[in-house]
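K.L.:
Quick one: this structure, given as structure tokens, is what I'll be asking you about.
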Amino acid sequence: MTTQQLPEPAGLRARRFRPAEQGVVLLLGAAATISVLITVGIVFTLIEEGSGFWGSVSLVDFFTGTEWFPVDRVYGVLPLLSASVLIAVLAALVAVPIGIGSAIYLSEYADERTRRVVKPILELLAGMPTIVLGFFALESVTPALQGAGIIPSDQLFNALAAGIVVGLLIVPLIASLSEDAFRAVPAAMREGAYGLGATKRVVATRIVFPAALSGVMASIVLALSRAIGETMAVTLAAGTQPNFTADPTEPVQTITAVIVAVSKGEATRGSELYQSIFAIGLVLFVVTMLINIAATALVRRFRTVYH
Amino acid sequence: MADSRLTSPPILHRPTEGRPEPRMELPELNIQADAGLPPTADEVVVFQATGVNVHYGKFLALKDVDLAIHRNEITALIGPSGCGKSTFLRCLNRMNDLIPGAEVGGTITFHGEDMYAPDVDPVDLRRRIGMVFQKPNPFPKSIRENLSFGMKVNGIRVDDDRIEQVLRHAALWDEVKDKLDQDAYALSGGQQQRLCIARAIAVNPEVILMDEPCSALDPISTLAIEDLMRTLREEYTIVIVTHNMQQAARVSDRTAFFTVQQLDGGDRHGILAEYNATERVFRAPEDPRTQDYITGRFG
Ligand SMILES: Nc1ncnc2c1ncn2[C@@H]1O[C@H](COP(=O)(O)OP(=O)(O)O)[C@@H](O)[C@H]1O
Ligand SMILES: [Mg+2]
């Protein structure tokens, strides 16, 4: 075979410099770095400001103490932590059925028009200032609970009312994220089930729900960490009385409520009381972080893969 | 595998193995191209479509279709893409009910009864008329659960014998018998599609509708499914949409050729251009559009 004289092919080694590409990478990298730095900075502050506290209060007393009574220098975190968890659990009991129920309704039953009206209204609830929800708890929920004989009529503050309004607050979070998860289930999956003679109810509960389980669980866990960090509504509704109890009809004081009370009060900067709020703030941070790690692990574990 | 479901023996029973191709033993039928094949004395009509129009909103997707589908036959629906083959197929198990805005006009009878009568329950109907889709769509569950889902829905007792029987029926047993509890998505595409066929068979339907069941599969899986269809034809009535004309010619008894009719006003509707014994459609089509399509001049 004779080779013809062809033009010399262009060389590969002419790497171009693209300033716009480089600039974008730098900007985006800077944004990512800043958000990481801020997080690290906050954690560092919590540790730094609270460091003096660990010198005067023993770790064991702090983590096992069932009383929070700073006047006597008694700093047991359990009543505060249990209050935060109690309210988050009550909120979840309210929000999980309502949130998942509305998500299934919106994704499987509602027609397009209904969805367009209902979804924004639901999401409005998420934007509700929590102080408004706190007043709603005091003015409406607690009186209703008193009327029903659940709460003694001379008692204003209780964990239940706080749990209910925080539940309302996180309904949209669960509903919205779960609905996204339901709608992400391929239509082919539903058609396969309908084609076998499944009813709408069966398709929703036996096909769509299990396939979207990881997304649903992620929504619940995210809502839980939102609930545990909620401050205004619980400060108003649950009271300011540290109380190591699992009884939802009693007044309790959450970690966030203590932080509010101390930081707006007289505690001088650097005092033991002042330092204590950084210590409990750190506890709250760690709890929330653990919840988020659990969420990620759950999502990985239960993620549905379609090839 | 005898199945007591059939109360009378298949009327159009023909041996499946060693079938000559092309088959010359097909009786000469009295053909009217527009009306579908008239039922002859010993042929049971399962579906009879008369003047079927399908709208998606204002768009008339399928216009004036008359078609009879016969028991224990494989009926192929062919034609260029967008001519309404899937649309028609989905009328046969009322799957179009699930599409907002879809409207089916005309009449379709199933064993002589109007399928779209107000007192017909589409859910019960779909239990009798199974469907296999273009892309294999097993549930994200185990192989066993894929089969048991429909059985539970239909009140059929789930036991290992039944699972084995169904998987054997779908020519899948030997490949999956050791991994029944593994995720269905671990199977190959062709195996997934046979699982979907098994899933449909598991609920004892009378009819299996297949919408381009091989279009996502490799040639070997395709042949496996075609073999399977020939076996299934003994017990079931099969309607298959295919864009593969060789496939229609290989497996089907009758072929309906759909095409797109372009009107002067610019409106495009799917119509049924020709319906005949497969043999006739491929050897001596009566409609010039069919001729153009099967010879590859169009579509
Ligand atoms: N869900 C739908 N909504 C609106 N139009 C549709 C829908 N499904 C199909 N169509 C239209 O109906 C016509 C026929 O579609 P289809 O039955 O899917 O054709 P085929 O299966 O022959 O390719 C096409 O023009 C298509 O765009
Ligand atoms: Mg199609």
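Every chain in the structure tokens has a letter given in the order shown (A, B, ...), and although residue numbers restart at 1 in each chain, ligands are simply numbered from 1 in the order shown.
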Please find the residues contacting ligand 1 at a distance of at most 9 Å between atoms, with only C-alpha atoms and all ligand atoms counted, and report them as a CSV table (one decimal) with N, CA and C atoms, in the first residue's frame.

P.N.:
```
chain,number,residue,atom,x,y,z
B,54,VAL,N,-59.3,8.0,20.2
B,54,VAL,CA,-58.7,8.4,21.4
B,54,VAL,C,-58.2,9.8,21.3
B,55,HIS,N,-58.6,10.6,22.3
B,55,HIS,CA,-58.1,12.0,22.4
B,55,HIS,C,-57.2,12.1,23.6
B,56,TYR,N,-56.1,12.9,23.4
B,56,TYR,CA,-55.3,13.4,24.6
B,56,TYR,C,-55.6,14.9,24.6
B,57,GLY,N,-56.5,15.3,25.5
B,57,GLY,CA,-57.0,16.6,25.5
B,57,GLY,C,-57.7,16.9,24.2
B,59,PHE,N,-56.2,16.8,21.3
B,59,PHE,CA,-55.5,16.1,20.2
B,59,PHE,C,-56.1,14.7,20.0
B,60,LEU,N,-56.6,14.5,18.7
B,60,LEU,CA,-57.1,13.2,18.3
B,60,LEU,C,-56.0,12.3,17.9
B,61,ALA,N,-55.6,11.4,18.8
B,61,ALA,CA,-54.4,10.6,18.6
B,61,ALA,C,-54.7,9.4,17.7
B,62,LEU,N,-55.9,8.9,17.8
B,62,LEU,CA,-56.2,7.6,17.1
B,62,LEU,C,-57.7,7.8,16.6
B,77,LEU,N,-49.2,-5.2,16.5
B,77,LEU,CA,-49.5,-3.9,16.0
B,77,LEU,C,-48.2,-3.2,15.6
B,78,ILE,N,-48.2,-2.9,14.3
B,78,ILE,CA,-47.0,-2.3,13.8
B,78,ILE,C,-47.3,-0.9,13.1
B,79,GLY,N,-46.3,-0.2,12.8
B,79,GLY,CA,-46.5,1.1,12.2
B,79,GLY,C,-45.4,2.1,12.7
B,80,PRO,N,-45.3,3.2,11.9
B,80,PRO,CA,-44.3,4.2,12.3
B,80,PRO,C,-44.5,4.8,13.7
B,81,SER,N,-43.5,5.3,14.3
B,81,SER,CA,-43.6,5.8,15.6
B,81,SER,C,-44.6,7.0,15.7
B,82,GLY,N,-45.4,7.1,16.7
B,82,GLY,CA,-46.4,8.1,16.9
B,82,GLY,C,-47.7,7.9,16.2
B,83,CYS,N,-47.9,6.7,15.7
B,83,CYS,CA,-49.1,6.4,15.0
B,83,CYS,C,-50.2,5.9,15.9
B,84,GLY,N,-49.9,5.7,17.2
B,84,GLY,CA,-51.0,5.4,18.1
B,84,GLY,C,-51.0,3.9,18.5
B,85,LYS,N,-49.9,3.1,18.3
B,85,LYS,CA,-49.9,1.7,18.6
B,85,LYS,C,-50.1,1.5,20.1
B,86,SER,N,-49.2,2.3,20.9
B,86,SER,CA,-49.3,2.2,22.3
B,86,SER,C,-50.6,2.7,22.8
B,87,THR,N,-51.1,3.7,22.2
B,87,THR,CA,-52.3,4.3,22.6
B,87,THR,C,-53.4,3.2,22.5
B,88,PHE,N,-53.5,2.5,21.4
B,88,PHE,CA,-54.5,1.5,21.2
B,88,PHE,C,-54.3,0.4,22.2
B,89,LEU,N,-53.1,-0.1,22.4
B,89,LEU,CA,-52.8,-1.2,23.3
B,89,LEU,C,-53.3,-0.8,24.7
B,90,ARG,N,-53.1,0.4,25.1
B,90,ARG,CA,-53.4,0.8,26.4
B,90,ARG,C,-54.9,1.0,26.6
B,96,ASN,N,-55.2,3.8,29.8
B,96,ASN,CA,-55.3,5.3,29.5
B,96,ASN,C,-56.1,6.0,30.5
B,99,ILE,N,-54.2,8.4,32.5
B,99,ILE,CA,-53.6,9.6,32.0
B,99,ILE,C,-54.6,10.8,32.0
B,100,PRO,N,-54.3,11.8,32.7
B,100,PRO,CA,-55.3,12.9,32.8
B,100,PRO,C,-55.5,13.5,31.4
B,101,GLY,N,-56.8,13.6,31.0
B,101,GLY,CA,-57.1,14.2,29.7
B,101,GLY,C,-57.3,13.2,28.6
B,102,ALA,N,-56.9,11.9,28.8
B,102,ALA,CA,-57.1,10.9,27.8
B,102,ALA,C,-58.6,10.5,27.8
B,211,ASP,N,-46.0,-4.0,25.1
B,211,ASP,CA,-45.7,-2.8,24.3
B,211,ASP,C,-44.2,-2.8,24.0
B,212,GLU,N,-43.8,-3.2,22.8
B,212,GLU,CA,-42.4,-3.2,22.4
B,212,GLU,C,-41.5,-3.9,23.5
B,241,VAL,N,-47.1,-4.8,20.5
B,241,VAL,CA,-46.7,-3.7,19.7
B,241,VAL,C,-45.2,-3.9,19.4
B,242,THR,N,-44.9,-3.8,18.2
B,242,THR,CA,-43.5,-3.9,17.8
B,242,THR,C,-43.1,-2.9,16.7
B,243,HIS,N,-41.9,-2.4,16.8
B,243,HIS,CA,-41.5,-1.6,15.6
B,243,HIS,C,-40.6,-2.5,14.7
B,258,PHE,N,-50.8,0.3,11.6
B,258,PHE,CA,-51.3,1.6,11.9
B,258,PHE,C,-50.4,2.6,11.2
B,259,THR,N,-50.9,3.7,10.8
B,259,THR,CA,-50.1,4.8,10.2
B,259,THR,C,-50.6,6.1,10.6
B,260,VAL,N,-49.9,7.2,10.2
B,260,VAL,CA,-50.4,8.5,10.5
B,260,VAL,C,-51.0,9.1,9.3
B,268,ARG,N,-52.9,15.6,12.4
B,268,ARG,CA,-52.3,14.3,12.2
B,268,ARG,C,-53.0,13.3,13.1
B,269,HIS,N,-53.6,12.3,12.6
B,269,HIS,CA,-54.2,11.3,13.4
B,269,HIS,C,-53.6,9.9,13.1
B,270,GLY,N,-53.6,9.1,14.1
B,270,GLY,CA,-53.2,7.7,13.9
B,270,GLY,C,-54.4,7.0,13.4
```

K.L.:
Within 9 Å of chain A, which residues of chain B show up when using only C-alpha atoms, listed as a PyMOL selection string?

P.N.:
chain B and resi 93+95+98+100+122-133+135-141+149-151+153-154+185-186+196+199-200+203+205

K.L.:
What does the structure give for the distance between CA of Leu125 in chain A and CA of Gly215 in chain A, in Å to one decimal?

P.N.:
21.0 Å

K.L.:
From the list A:Val60, A:Ala30, A:Ala223, A:Ala233, which residue is nearest Ala161 in chain A when using only C-alpha atoms?

P.N.:
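The closest residue to Ala161 in chain A is A:Ala233.
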
K.L.:
Would you compute the distance between CA of Asp253 in chain B and CA of Thr107 in chain B? Give it in Å to one decimal.

P.N.:
23.7 Å

K.L.:
Take CA of Ile164 in chain A and CA of Ile255 in chain A and report the distance between them in Å, one decimal.

P.N.:
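Calculated distance between CA of Ile164 in chain A and CA of Ile255 in chain A is 18.0 Å.
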
K.L.:
For Ala273 in chain B, work out the shell of residues within 10 Å, counting only C-alpha atoms and skipping chain neighbours fewer than 2 positions away, then give it as a PyMOL selection string.

P.N.:
chain B and resi 33-34+65+79+256-261+270-271+275+286-290

K.L.:
Would you mind exporting all heavy atoms of the selected residues as a CSV table (one decimal), in the first residue's frame?

P.N.:
```csv
chain,number,residue,atom,x,y,z
B,33,ALA,N,-60.5,-5.2,4.5
B,33,ALA,CA,-59.3,-4.5,5.1
B,33,ALA,C,-59.7,-3.5,6.2
B,33,ALA,O,-59.0,-3.4,7.1
B,33,ALA,CB,-58.6,-3.8,4.0
B,34,ASP,N,-60.8,-2.9,6.1
B,34,ASP,CA,-61.1,-1.8,7.0
B,34,ASP,C,-61.8,-2.4,8.3
B,34,ASP,O,-61.7,-1.8,9.3
B,34,ASP,CB,-62.0,-0.8,6.4
B,34,ASP,CG,-61.2,0.1,5.4
B,34,ASP,OD1,-60.0,0.2,5.7
B,34,ASP,OD2,-61.8,0.6,4.5
B,65,VAL,N,-60.9,3.4,14.8
B,65,VAL,CA,-60.2,2.0,14.7
B,65,VAL,C,-61.3,0.9,14.9
B,65,VAL,O,-62.0,0.9,15.9
B,65,VAL,CB,-59.1,1.9,15.7
B,65,VAL,CG1,-58.5,0.5,15.6
B,65,VAL,CG2,-58.0,2.9,15.4
B,79,GLY,N,-46.3,-0.2,12.8
B,79,GLY,CA,-46.5,1.1,12.2
B,79,GLY,C,-45.4,2.1,12.7
B,79,GLY,O,-44.7,1.8,13.6
B,256,ALA,N,-51.8,-5.8,12.5
B,256,ALA,CA,-52.5,-4.6,12.3
B,256,ALA,C,-51.5,-3.5,11.9
B,256,ALA,O,-50.5,-3.3,12.7
B,256,ALA,CB,-53.3,-4.2,13.5
B,257,PHE,N,-51.6,-2.9,10.8
B,257,PHE,CA,-50.7,-1.8,10.4
B,257,PHE,C,-51.4,-0.5,10.7
B,257,PHE,O,-52.4,-0.1,10.1
B,257,PHE,CB,-50.3,-2.0,9.0
B,257,PHE,CG,-49.5,-0.8,8.5
B,257,PHE,CD1,-48.2,-0.5,9.0
B,257,PHE,CD2,-50.0,0.1,7.5
B,257,PHE,CE1,-47.5,0.6,8.6
B,257,PHE,CE2,-49.2,1.2,7.1
B,257,PHE,CZ,-48.0,1.4,7.6
B,258,PHE,N,-50.8,0.3,11.6
B,258,PHE,CA,-51.3,1.6,11.9
B,258,PHE,C,-50.4,2.6,11.2
B,258,PHE,O,-49.2,2.4,11.0
B,258,PHE,CB,-51.2,1.9,13.4
B,258,PHE,CG,-52.2,1.2,14.2
B,258,PHE,CD1,-52.0,-0.1,14.5
B,258,PHE,CD2,-53.3,1.9,14.7
B,258,PHE,CE1,-53.0,-0.8,15.3
B,258,PHE,CE2,-54.3,1.2,15.5
B,258,PHE,CZ,-54.1,-0.1,15.8
B,259,THR,N,-50.9,3.7,10.8
B,259,THR,CA,-50.1,4.8,10.2
B,259,THR,C,-50.6,6.1,10.6
B,259,THR,O,-51.7,6.3,11.3
B,259,THR,CB,-50.0,4.6,8.7
B,259,THR,OG1,-49.0,5.5,8.2
B,259,THR,CG2,-51.3,4.9,8.0
B,260,VAL,N,-49.9,7.2,10.2
B,260,VAL,CA,-50.4,8.5,10.5
B,260,VAL,C,-51.0,9.1,9.3
B,260,VAL,O,-50.4,9.1,8.2
B,260,VAL,CB,-49.2,9.4,10.9
B,260,VAL,CG1,-49.6,10.8,11.2
B,260,VAL,CG2,-48.5,8.8,12.2
B,261,GLN,N,-52.2,9.6,9.5
B,261,GLN,CA,-52.9,10.3,8.4
B,261,GLN,C,-52.7,11.8,8.6
B,261,GLN,O,-53.1,12.3,9.6
B,261,GLN,CB,-54.4,9.9,8.5
B,261,GLN,CG,-55.2,10.4,7.4
B,261,GLN,CD,-56.7,10.0,7.6
B,261,GLN,OE1,-57.2,10.2,8.7
B,261,GLN,NE2,-57.3,9.5,6.5
B,270,GLY,N,-53.6,9.1,14.1
B,270,GLY,CA,-53.2,7.7,13.9
B,270,GLY,C,-54.4,7.0,13.4
B,270,GLY,O,-55.6,7.2,13.8
B,271,ILE,N,-54.3,6.2,12.3
B,271,ILE,CA,-55.4,5.3,11.8
B,271,ILE,C,-54.9,3.9,11.6
B,271,ILE,O,-53.7,3.7,11.5
B,271,ILE,CB,-55.9,5.9,10.5
B,271,ILE,CG1,-54.8,6.0,9.5
B,271,ILE,CG2,-56.6,7.2,10.7
B,271,ILE,CD1,-55.3,6.0,8.1
B,275,TYR,N,-55.5,-4.5,8.4
B,275,TYR,CA,-55.5,-5.5,9.4
B,275,TYR,C,-55.8,-6.9,8.7
B,275,TYR,O,-56.8,-7.0,8.0
B,275,TYR,CB,-56.5,-5.3,10.5
B,275,TYR,CG,-56.5,-6.3,11.6
B,275,TYR,CD1,-55.3,-6.8,12.1
B,275,TYR,CD2,-57.7,-6.7,12.1
B,275,TYR,CE1,-55.4,-7.7,13.1
B,275,TYR,CE2,-57.8,-7.7,13.1
B,275,TYR,CZ,-56.6,-8.2,13.6
B,275,TYR,OH,-56.6,-9.1,14.6
B,286,GLU,N,-52.6,-5.0,1.1
B,286,GLU,CA,-53.6,-4.4,0.2
B,286,GLU,C,-53.5,-2.9,0.2
B,286,GLU,O,-54.0,-2.3,-0.8
B,286,GLU,CB,-55.0,-4.8,0.8
B,286,GLU,CG,-55.2,-6.3,0.8
B,286,GLU,CD,-56.6,-6.7,1.1
B,286,GLU,OE1,-57.4,-5.9,1.5
B,286,GLU,OE2,-56.9,-7.9,1.0
B,287,ASP,N,-53.0,-2.3,1.2
B,287,ASP,CA,-52.9,-0.9,1.3
B,287,ASP,C,-51.5,-0.5,0.8
B,287,ASP,O,-50.5,-1.0,1.3
B,287,ASP,CB,-53.1,-0.4,2.7
B,287,ASP,CG,-53.4,1.1,2.8
B,287,ASP,OD1,-52.4,1.8,2.4
B,287,ASP,OD2,-54.4,1.5,3.2
B,288,PRO,N,-51.4,0.5,-0.1
B,288,PRO,CA,-50.1,0.9,-0.6
B,288,PRO,C,-49.2,1.5,0.5
B,288,PRO,O,-48.0,1.3,0.5
B,288,PRO,CB,-50.4,2.0,-1.6
B,288,PRO,CG,-51.8,2.4,-1.4
B,288,PRO,CD,-52.5,1.2,-0.8
B,289,ARG,N,-49.8,2.0,1.6
B,289,ARG,CA,-49.0,2.5,2.7
B,289,ARG,C,-48.3,1.4,3.5
B,289,ARG,O,-47.2,1.5,3.9
B,289,ARG,CB,-49.9,3.4,3.7
B,289,ARG,CG,-50.4,4.7,3.0
B,289,ARG,CD,-51.4,5.3,3.9
B,289,ARG,NE,-52.7,4.5,3.9
B,289,ARG,CZ,-53.8,4.9,4.4
B,289,ARG,NH1,-53.9,6.2,4.8
B,289,ARG,NH2,-54.9,4.1,4.4
B,290,THR,N,-49.0,0.3,3.6
B,290,THR,CA,-48.4,-0.9,4.2
B,290,THR,C,-47.3,-1.4,3.4
B,290,THR,O,-46.2,-1.6,3.9
B,290,THR,CB,-49.5,-2.0,4.3
B,290,THR,OG1,-50.7,-1.5,4.7
B,290,THR,CG2,-49.0,-3.1,5.3
```

K.L.:
For Leu180 in chain B, work out the shell of residues within 8 Å, counting only C-alpha atoms and skipping chain neighbours fewer than 2 positions away, then give it as number ranges by chain.

P.N.:
B: 142-144, 176-178, 182

K.L.:
Take the residues from that selection and put them in a file with N, CA, C and O atoms, as a JSON list (two decimals), in the first residue's frame.

P.N.:
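Saved as result_18.json:
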```json
[["chain", "number", "residue", "atom", "x", "y", "z"],
["B", 142, "SER", "N", -37.32, -8.12, 45.74],
["B", 142, "SER", "CA", -36.71, -9.38, 45.33],
["B", 142, "SER", "C", -37.50, -10.01, 44.18],
["B", 142, "SER", "O", -38.63, -9.62, 43.90],
["B", 143, "ILE", "N", -36.88, -11.00, 43.54],
["B", 143, "ILE", "CA", -37.54, -11.71, 42.45],
["B", 143, "ILE", "C", -38.85, -12.32, 42.95],
["B", 143, "ILE", "O", -39.90, -12.18, 42.33],
["B", 144, "ARG", "N", -38.77, -12.96, 44.12],
["B", 144, "ARG", "CA", -39.96, -13.59, 44.68],
["B", 144, "ARG", "C", -41.05, -12.55, 44.93],
["B", 144, "ARG", "O", -42.22, -12.76, 44.57],
["B", 176, "VAL", "N", -32.74, -18.32, 37.68],
["B", 176, "VAL", "CA", -32.92, -17.57, 38.93],
["B", 176, "VAL", "C", -33.25, -18.43, 40.14],
["B", 176, "VAL", "O", -33.44, -17.91, 41.23],
["B", 177, "LYS", "N", -33.30, -19.75, 39.95],
["B", 177, "LYS", "CA", -33.82, -20.58, 41.04],
["B", 177, "LYS", "C", -32.99, -20.46, 42.33],
["B", 177, "LYS", "O", -33.50, -20.66, 43.41],
["B", 178, "ASP", "N", -31.72, -20.08, 42.20],
["B", 178, "ASP", "CA", -30.87, -19.96, 43.39],
["B", 178, "ASP", "C", -30.85, -18.57, 43.98],
["B", 178, "ASP", "O", -30.16, -18.32, 44.96],
["B", 182, "GLN", "N", -32.97, -12.41, 45.84],
["B", 182, "GLN", "CA", -32.11, -11.28, 45.48],
["B", 182, "GLN", "C", -32.91, -10.21, 44.75],
["B", 182, "GLN", "O", -33.98, -10.47, 44.21]]
```

K.L.:
Please, which residues of range 14-113 of chain A, numbered as in this document, come out helix (DSSP H, G or I) from DSSP, as a PyMOL selection string?

P.N.:
chain A and resi 19-56+59-64+70-72+78-109+112-113

K.L.:
Which of range 8-257 of chain B end up as strand (DSSP E or B) when DSSP is run on this backbone - answer as a ChimeraX atom specification?

P.N.:
/B:45-56,59-70,74-78,102-110,113-114,129-132,142,183,207-211,237-241,254-257

K.L.:
Leaving out range 217-220 of chain B and any residue of its chain fewer than 6 positions from it, which residues lie within 9 Å of it when counting only C-alpha atoms, given as a PyMOL selection string?

P.N.:
chain B and resi 135+189-190+193

K.L.:
Quick one: residues within 9 Å of Arg226 in chain A, only C-alpha atoms counted, chain neighbours fewer than 4 positions away excluded, as a PDB file with C-alpha atoms, in the first residue's frame?

P.N.:
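Final output, result-v3.pdb:
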```pdb
ATOM      1  CA  ALA A  88     -38.946  16.737  69.184  1.00  0.00           C
ATOM      2  CA  ILE A 170     -42.168  20.646  60.590  1.00  0.00           C
ATOM      3  CA  VAL A 221     -34.732  13.003  60.397  1.00  0.00           C
ATOM      4  CA  LEU A 222     -34.125  16.444  58.963  1.00  0.00           C
ATOM      5  CA  GLU A 230     -36.434  25.101  67.561  1.00  0.00           C
ATOM      6  CA  THR A 288     -28.005  17.519  65.718  1.00  0.00           C
TER       7      THR A 288
END
```
